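This report refers to the structure that appears directly beneath it.
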Amino acid sequence: MASKKKEKKKNKKPSMADLADRHQLYEFSVQYAASEIEFVDETYRSIRGNKAQLLREDFCGTANVCCEWVRHRKGNRAIGVDLDGEVLTWGQEHKLAELTQGQRKRVNLIQEDVLLVDTEAPDIISAMNFSYWLFKERKKLKQYFTRVREALADKGVFFLDAYGGYDSFRELEEEREINDGEFTYIWEQERYDPVTGGLICHIHFAFPDGSRLNKAFSYDWRLWTLPEIRDLLEEAGFSKVTIYWQGWDDEGEPDGIFVPSTTGEADAGWICYISAEK
């Protein structure tokens with residue numbers, strides 16, 4: 001009886017979840033590197049009056065942004081820093097493999113702690129997708145911001161993002177169909193602690209055959225507010241901090257255009273960019 005069960009299991013057709021690559025699903029669902037690069041490139045130029053060449057991506061993951069940066073302009077160079085060797089290897093095998101030989105030579109991936117890494121001074125340091133929220137203590141986040149400021153070139157600019165709104169303090173699940181129903185992206189805020197600001201989140205993926213990839217990615221963060229982030233950047237020594245708020249189209253949907261703003265609206269959910277000038 002046991003052998004028959006084993007044979008049945010062995011012959012079972014793999015589900016869509018079994019065959020899925022979580023890193024590819026993430027890029028389809030969450031990260032649009034070309035738009036991100038366009039924003040940091042144009043904003044740096046408007047601030048400094050010249051083009052940036054060397055970008056360092058902290059918490060770089062698959063190095064998608066690094067690869068997009070070297071594609072963006074001939075001569076651009078990128079440094080990617082991440083502690084996770086598995087995700088860096090995936091990036092080398094999939095994202096860097098898509099580059100030309102010349103472009104690959106302009107990307108340097110480093111497996112290291114962002115609090116300890118020592119690199120060539122970049123024009124831009126980027127910490128997107130709320131990655132820096134893993135620093136849950138005020139002194140640790142200030143330490144990271146201080147290290148970034150010290151690492152930047154003399155006219156360097158630090159770019160990061162943040163999200164908020166009253167839904168960000170709730171325990172909830174949000175679903176979004178991707179690629180005309182090819183799969184469903186599920187964002188779960190499992191736990192929020194109002195005393196510590198601690199936030200536990202997961203990304204799940206569901207497929208048309210009924211299979212699921214649960215907890216494809218999990219995050220143990222602190223939900224930092226914009227005033228806290230701005231204050232810490234200023235305490236770390238940045239000369240100017242600017243918030244870029246997203247506008248809305250005629251149908252009330254986010255238009256993807258971020259402009260400098262000193263005020264925002266009390267929306268259920270918002271995303272913004274932040275620049276901090278050395």
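By order in the structure tokens, chains are A, B, ...; within a chain, residues start at 1; ligands start at 1, following the order shown.
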Using DSSP secondary structure from the backbone, list all helix (DSSP H, G or I) positions within range 2-91 of chain A, as a PDB file with N, CA and C atoms, in the first residue's frame.
ATOM      1  N   ALA A   2       1.901   1.243   0.869  1.00  0.00           N
ATOM      2  CA  ALA A   2       2.799   2.399   0.975  1.00  0.00           C
ATOM      3  C   ALA A   2       3.530   2.644  -0.329  1.00  0.00           C
ATOM      4  N   SER A   3       3.958   1.574  -1.004  1.00  0.00           N
ATOM      5  CA  SER A   3       4.690   1.717  -2.264  1.00  0.00           C
ATOM      6  C   SER A   3       3.801   2.311  -3.360  1.00  0.00           C
ATOM      7  N   LYS A   4       2.491   1.947  -3.343  1.00  0.00           N
ATOM      8  CA  LYS A   4       1.564   2.499  -4.323  1.00  0.00           C
ATOM      9  C   LYS A   4       1.380   3.999  -4.136  1.00  0.00           C
ATOM     10  N   LYS A   5       1.317   4.411  -2.853  1.00  0.00           N
ATOM     11  CA  LYS A   5       1.193   5.844  -2.551  1.00  0.00           C
ATOM     12  C   LYS A   5       2.412   6.606  -3.034  1.00  0.00           C
ATOM     13  N   LYS A   6       3.590   6.029  -2.809  1.00  0.00           N
ATOM     14  CA  LYS A   6       4.835   6.664  -3.243  1.00  0.00           C
ATOM     15  C   LYS A   6       4.867   6.809  -4.752  1.00  0.00           C
ATOM     16  N   GLU A   7       4.425   5.746  -5.445  1.00  0.00           N
ATOM     17  CA  GLU A   7       4.428   5.778  -6.911  1.00  0.00           C
ATOM     18  C   GLU A   7       3.470   6.833  -7.436  1.00  0.00           C
ATOM     19  N   LYS A   8       2.296   6.940  -6.776  1.00  0.00           N
ATOM     20  CA  LYS A   8       1.300   7.940  -7.183  1.00  0.00           C
ATOM     21  C   LYS A   8       1.859   9.346  -7.007  1.00  0.00           C
ATOM     22  N   LYS A   9       2.558   9.545  -5.873  1.00  0.00           N
ATOM     23  CA  LYS A   9       3.159  10.850  -5.596  1.00  0.00           C
ATOM     24  C   LYS A   9       4.235  11.179  -6.623  1.00  0.00           C
ATOM     25  N   LYS A  10       5.002  10.163  -6.980  1.00  0.00           N
ATOM     26  CA  LYS A  10       6.100  10.349  -7.931  1.00  0.00           C
ATOM     27  C   LYS A  10       5.586  10.745  -9.305  1.00  0.00           C
ATOM     28  N   ASN A  11       4.436  10.173  -9.694  1.00  0.00           N
ATOM     29  CA  ASN A  11       3.880  10.427 -11.023  1.00  0.00           C
ATOM     30  C   ASN A  11       2.980  11.663 -11.076  1.00  0.00           C
ATOM     31  N   MET A  16       1.535  24.552 -10.918  1.00  0.00           N
ATOM     32  CA  MET A  16       2.114  25.816 -11.386  1.00  0.00           C
ATOM     33  C   MET A  16       2.986  26.443 -10.293  1.00  0.00           C
ATOM     34  N   ALA A  17       2.579  26.281  -9.046  1.00  0.00           N
ATOM     35  CA  ALA A  17       3.385  26.796  -7.934  1.00  0.00           C
ATOM     36  C   ALA A  17       4.722  26.064  -7.833  1.00  0.00           C
ATOM     37  N   ASP A  18       4.694  24.732  -8.089  1.00  0.00           N
ATOM     38  CA  ASP A  18       5.937  23.944  -8.047  1.00  0.00           C
ATOM     39  C   ASP A  18       6.938  24.433  -9.090  1.00  0.00           C
ATOM     40  N   LEU A  19       6.423  24.861 -10.237  1.00  0.00           N
ATOM     41  CA  LEU A  19       7.285  25.245 -11.359  1.00  0.00           C
ATOM     42  C   LEU A  19       7.666  26.730 -11.336  1.00  0.00           C
ATOM     43  N   ARG A  22      10.130  32.287  -7.763  1.00  0.00           N
ATOM     44  CA  ARG A  22       9.628  33.379  -6.925  1.00  0.00           C
ATOM     45  C   ARG A  22      10.268  34.724  -7.257  1.00  0.00           C
ATOM     46  N   HIS A  23      11.516  34.711  -7.688  1.00  0.00           N
ATOM     47  CA  HIS A  23      12.181  35.972  -8.018  1.00  0.00           C
ATOM     48  C   HIS A  23      11.584  36.600  -9.285  1.00  0.00           C
ATOM     49  N   GLN A  24      11.286  35.770 -10.265  1.00  0.00           N
ATOM     50  CA  GLN A  24      10.639  36.283 -11.476  1.00  0.00           C
ATOM     51  C   GLN A  24       9.243  36.814 -11.168  1.00  0.00           C
ATOM     52  N   LEU A  25       8.508  36.092 -10.347  1.00  0.00           N
ATOM     53  CA  LEU A  25       7.168  36.536  -9.965  1.00  0.00           C
ATOM     54  C   LEU A  25       7.219  37.884  -9.252  1.00  0.00           C
ATOM     55  N   TYR A  26       8.226  38.051  -8.397  1.00  0.00           N
ATOM     56  CA  TYR A  26       8.395  39.319  -7.676  1.00  0.00           C
ATOM     57  C   TYR A  26       8.609  40.472  -8.649  1.00  0.00           C
ATOM     58  N   GLU A  27       9.477  40.265  -9.626  1.00  0.00           N
ATOM     59  CA  GLU A  27       9.764  41.326 -10.592  1.00  0.00           C
ATOM     60  C   GLU A  27       8.539  41.673 -11.423  1.00  0.00           C
ATOM     61  N   PHE A  28       7.764  40.676 -11.804  1.00  0.00           N
ATOM     62  CA  PHE A  28       6.526  40.935 -12.551  1.00  0.00           C
ATOM     63  C   PHE A  28       5.523  41.729 -11.715  1.00  0.00           C
ATOM     64  N   SER A  29       5.501  41.474 -10.399  1.00  0.00           N
ATOM     65  CA  SER A  29       4.458  42.008  -9.532  1.00  0.00           C
ATOM     66  C   SER A  29       4.803  43.343  -8.887  1.00  0.00           C
ATOM     67  N   ALA A  33      12.078  48.256 -12.601  1.00  0.00           N
ATOM     68  CA  ALA A  33      13.381  48.886 -12.454  1.00  0.00           C
ATOM     69  C   ALA A  33      13.585  50.061 -13.404  1.00  0.00           C
ATOM     70  N   ALA A  34      13.044  49.982 -14.625  1.00  0.00           N
ATOM     71  CA  ALA A  34      13.249  51.049 -15.606  1.00  0.00           C
ATOM     72  C   ALA A  34      12.664  52.369 -15.103  1.00  0.00           C
ATOM     73  N   SER A  35      11.480  52.320 -14.516  1.00  0.00           N
ATOM     74  CA  SER A  35      10.838  53.522 -13.986  1.00  0.00           C
ATOM     75  C   SER A  35      11.621  54.091 -12.817  1.00  0.00           C
ATOM     76  N   GLU A  36      12.107  53.201 -11.961  1.00  0.00           N
ATOM     77  CA  GLU A  36      12.899  53.616 -10.797  1.00  0.00           C
ATOM     78  C   GLU A  36      14.181  54.313 -11.235  1.00  0.00           C
ATOM     79  N   ILE A  37      14.852  53.718 -12.210  1.00  0.00           N
ATOM     80  CA  ILE A  37      16.100  54.288 -12.704  1.00  0.00           C
ATOM     81  C   ILE A  37      15.855  55.636 -13.377  1.00  0.00           C
ATOM     82  N   GLU A  38      14.796  55.728 -14.133  1.00  0.00           N
ATOM     83  CA  GLU A  38      14.461  56.997 -14.785  1.00  0.00           C
ATOM     84  C   GLU A  38      14.268  58.106 -13.746  1.00  0.00           C
ATOM     85  N   PHE A  39      13.573  57.760 -12.654  1.00  0.00           N
ATOM     86  CA  PHE A  39      13.336  58.761 -11.609  1.00  0.00           C
ATOM     87  C   PHE A  39      14.643  59.214 -10.954  1.00  0.00           C
ATOM     88  N   VAL A  40      15.474  58.269 -10.507  1.00  0.00           N
ATOM     89  CA  VAL A  40      16.692  58.672  -9.796  1.00  0.00           C
ATOM     90  C   VAL A  40      17.656  59.398 -10.724  1.00  0.00           C
ATOM     91  N   ASP A  41      17.715  58.981 -11.991  1.00  0.00           N
ATOM     92  CA  ASP A  41      18.623  59.624 -12.939  1.00  0.00           C
ATOM     93  C   ASP A  41      18.209  61.071 -13.208  1.00  0.00           C
ATOM     94  N   GLU A  42      16.937  61.271 -13.506  1.00  0.00           N
ATOM     95  CA  GLU A  42      16.451  62.624 -13.808  1.00  0.00           C
ATOM     96  C   GLU A  42      16.485  63.522 -12.577  1.00  0.00           C
ATOM     97  N   THR A  43      16.171  62.960 -11.416  1.00  0.00           N
ATOM     98  CA  THR A  43      16.164  63.767 -10.194  1.00  0.00           C
ATOM     99  C   THR A  43      17.574  64.164  -9.800  1.00  0.00           C
ATOM    100  N   TYR A  44      18.528  63.243  -9.922  1.00  0.00           N
ATOM    101  CA  TYR A  44      19.920  63.585  -9.633  1.00  0.00           C
ATOM    102  C   TYR A  44      20.381  64.723 -10.549  1.00  0.00           C
ATOM    103  N   ARG A  45      20.042  64.616 -11.826  1.00  0.00           N
ATOM    104  CA  ARG A  45      20.466  65.640 -12.782  1.00  0.00           C
ATOM    105  C   ARG A  45      19.839  66.998 -12.449  1.00  0.00           C
ATOM    106  N   SER A  46      18.579  66.994 -12.021  1.00  0.00           N
ATOM    107  CA  SER A  46      17.921  68.264 -11.681  1.00  0.00           C
ATOM    108  C   SER A  46      18.514  68.881 -10.421  1.00  0.00           C
ATOM    109  N   ILE A  47      19.004  68.044  -9.506  1.00  0.00           N
ATOM    110  CA  ILE A  47      19.601  68.543  -8.262  1.00  0.00           C
ATOM    111  C   ILE A  47      21.021  69.028  -8.494  1.00  0.00           C
ATOM    112  N   ARG A  48      21.811  68.228  -9.195  1.00  0.00           N
ATOM    113  CA  ARG A  48      23.260  68.505  -9.314  1.00  0.00           C
ATOM    114  C   ARG A  48      23.668  69.154 -10.635  1.00  0.00           C
ATOM    115  N   ASN A  64      18.496  43.674 -10.153  1.00  0.00           N
ATOM    116  CA  ASN A  64      17.723  44.119 -11.307  1.00  0.00           C
ATOM    117  C   ASN A  64      17.964  45.603 -11.584  1.00  0.00           C
ATOM    118  N   VAL A  65      18.006  46.402 -10.528  1.00  0.00           N
ATOM    119  CA  VAL A  65      18.220  47.846 -10.691  1.00  0.00           C
ATOM    120  C   VAL A  65      19.639  48.126 -11.183  1.00  0.00           C
ATOM    121  N   CYS A  66      20.616  47.396 -10.659  1.00  0.00           N
ATOM    122  CA  CYS A  66      22.003  47.547 -11.135  1.00  0.00           C
ATOM    123  C   CYS A  66      22.087  47.296 -12.641  1.00  0.00           C
ATOM    124  N   CYS A  67      21.443  46.236 -13.077  1.00  0.00           N
ATOM    125  CA  CYS A  67      21.479  45.882 -14.500  1.00  0.00           C
ATOM    126  C   CYS A  67      20.787  46.939 -15.346  1.00  0.00           C
ATOM    127  N   GLU A  68      19.676  47.443 -14.854  1.00  0.00           N
ATOM    128  CA  GLU A  68      18.959  48.479 -15.597  1.00  0.00           C
ATOM    129  C   GLU A  68      19.788  49.760 -15.671  1.00  0.00           C
ATOM    130  N   TRP A  69      20.544  50.057 -14.626  1.00  0.00           N
ATOM    131  CA  TRP A  69      21.375  51.265 -14.601  1.00  0.00           C
ATOM    132  C   TRP A  69      22.463  51.209 -15.670  1.00  0.00           C
ATOM    133  N   VAL A  70      23.146  50.074 -15.802  1.00  0.00           N
ATOM    134  CA  VAL A  70      24.218  49.998 -16.807  1.00  0.00           C
ATOM    135  C   VAL A  70      23.647  49.946 -18.222  1.00  0.00           C
ATOM    136  N   ARG A  71      22.421  49.466 -18.379  1.00  0.00           N
ATOM    137  CA  ARG A  71      21.763  49.510 -19.686  1.00  0.00           C
ATOM    138  C   ARG A  71      21.362  50.933 -20.049  1.00  0.00           C
ATOM    139  N   HIS A  72      21.049  51.715 -19.042  1.00  0.00           N
ATOM    140  CA  HIS A  72      20.437  53.032 -19.224  1.00  0.00           C
ATOM    141  C   HIS A  72      21.336  53.992 -20.004  1.00  0.00           C
ATOM    142  N   GLY A  85      23.501  35.399  -0.201  1.00  0.00           N
ATOM    143  CA  GLY A  85      24.259  34.830  -1.311  1.00  0.00           C
ATOM    144  C   GLY A  85      23.391  34.138  -2.337  1.00  0.00           C
ATOM    145  N   GLU A  86      22.284  33.517  -1.888  1.00  0.00           N
ATOM    146  CA  GLU A  86      21.397  32.802  -2.816  1.00  0.00           C
ATOM    147  C   GLU A  86      20.777  33.745  -3.833  1.00  0.00           C
ATOM    148  N   VAL A  87      20.300  34.888  -3.362  1.00  0.00           N
ATOM    149  CA  VAL A  87      19.639  35.824  -4.272  1.00  0.00           C
ATOM    150  C   VAL A  87      20.661  36.493  -5.194  1.00  0.00           C
ATOM    151  N   LEU A  88      21.881  36.726  -4.709  1.00  0.00           N
ATOM    152  CA  LEU A  88      22.928  37.285  -5.568  1.00  0.00           C
ATOM    153  C   LEU A  88      23.302  36.310  -6.676  1.00  0.00           C
ATOM    154  N   THR A  89      23.385  35.033  -6.332  1.00  0.00           N
ATOM    155  CA  THR A  89      23.690  34.010  -7.342  1.00  0.00           C
ATOM    156  C   THR A  89      22.594  33.964  -8.399  1.00  0.00           C
ATOM    157  N   TRP A  90      21.326  34.048  -7.956  1.00  0.00           N
ATOM    158  CA  TRP A  90      20.208  34.062  -8.913  1.00  0.00           C
ATOM    159  C   TRP A  90      20.349  35.264  -9.843  1.00  0.00           C
ATOM    160  N   GLY A  91      20.693  36.401  -9.286  1.00  0.00           N
ATOM    161  CA  GLY A  91      20.850  37.601 -10.102  1.00  0.00           C
ATOM    162  C   GLY A  91      21.957  37.464 -11.134  1.00  0.00           C
TER     163      GLY A  91
END
Per-residue nearest contacts range 126-237 of chain A to range 250-274 of chain A, cut-off 8 Å, using only C-alpha atoms, as a tab-separated table:
residue	atom	partner	partner_atom	distance
A:Phe159	CA	A:Ile274	CA	5.7
A:Leu160	CA	A:Ile274	CA	5.3
A:Asp161	CA	A:Tyr273	CA	4.3
A:Ala162	CA	A:Cys272	CA	5.5
A:Tyr163	CA	A:Ile271	CA	4.3
A:Gly164	CA	A:Trp270	CA	5.5
A:Gly165	CA	A:Gly269	CA	4.3
A:Tyr166	CA	A:Ala268	CA	4.9
A:Asp167	CA	A:Ala268	CA	5.1
A:Ser168	CA	A:Gly269	CA	6.7
ask   = Any idea what's packed within 8 Å of Gln143 in chain A, counting only C-alpha atoms, ignoring anything in its chain fewer than 3 positions away? Could you give it as a list in words?
value = Leu115, Lys139, Lys140, Thr146, Arg147 and Ala236 of chain A
ask   = From the list A:Leu109, A:Ile125, A:Thr242, A:Asp193, which residue is nearest Val157 in chain A when using only C-alpha atoms?
value = A:Ile125
All strand (DSSP E or B) residues (DSSP, backbone) inside range 37-220 of chain A, as an NGL selection string = :A and (54-58 or 77-82 or 107-111 or 124-127 or 157-164 or 172-178 or 183-192 or 198-206 or 212-220)
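Shortest atom-to-atom contact with Asp231 in chain A among A:Ala216, A:Leu83, A:Val30, A:Ala276: A:Ala276, counting only C-alpha atoms.
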message = What's the separation between CA of Asp123 in chain A and CA of Leu232 in chain A, in Å to one decimal place?
response = 20.9 Å
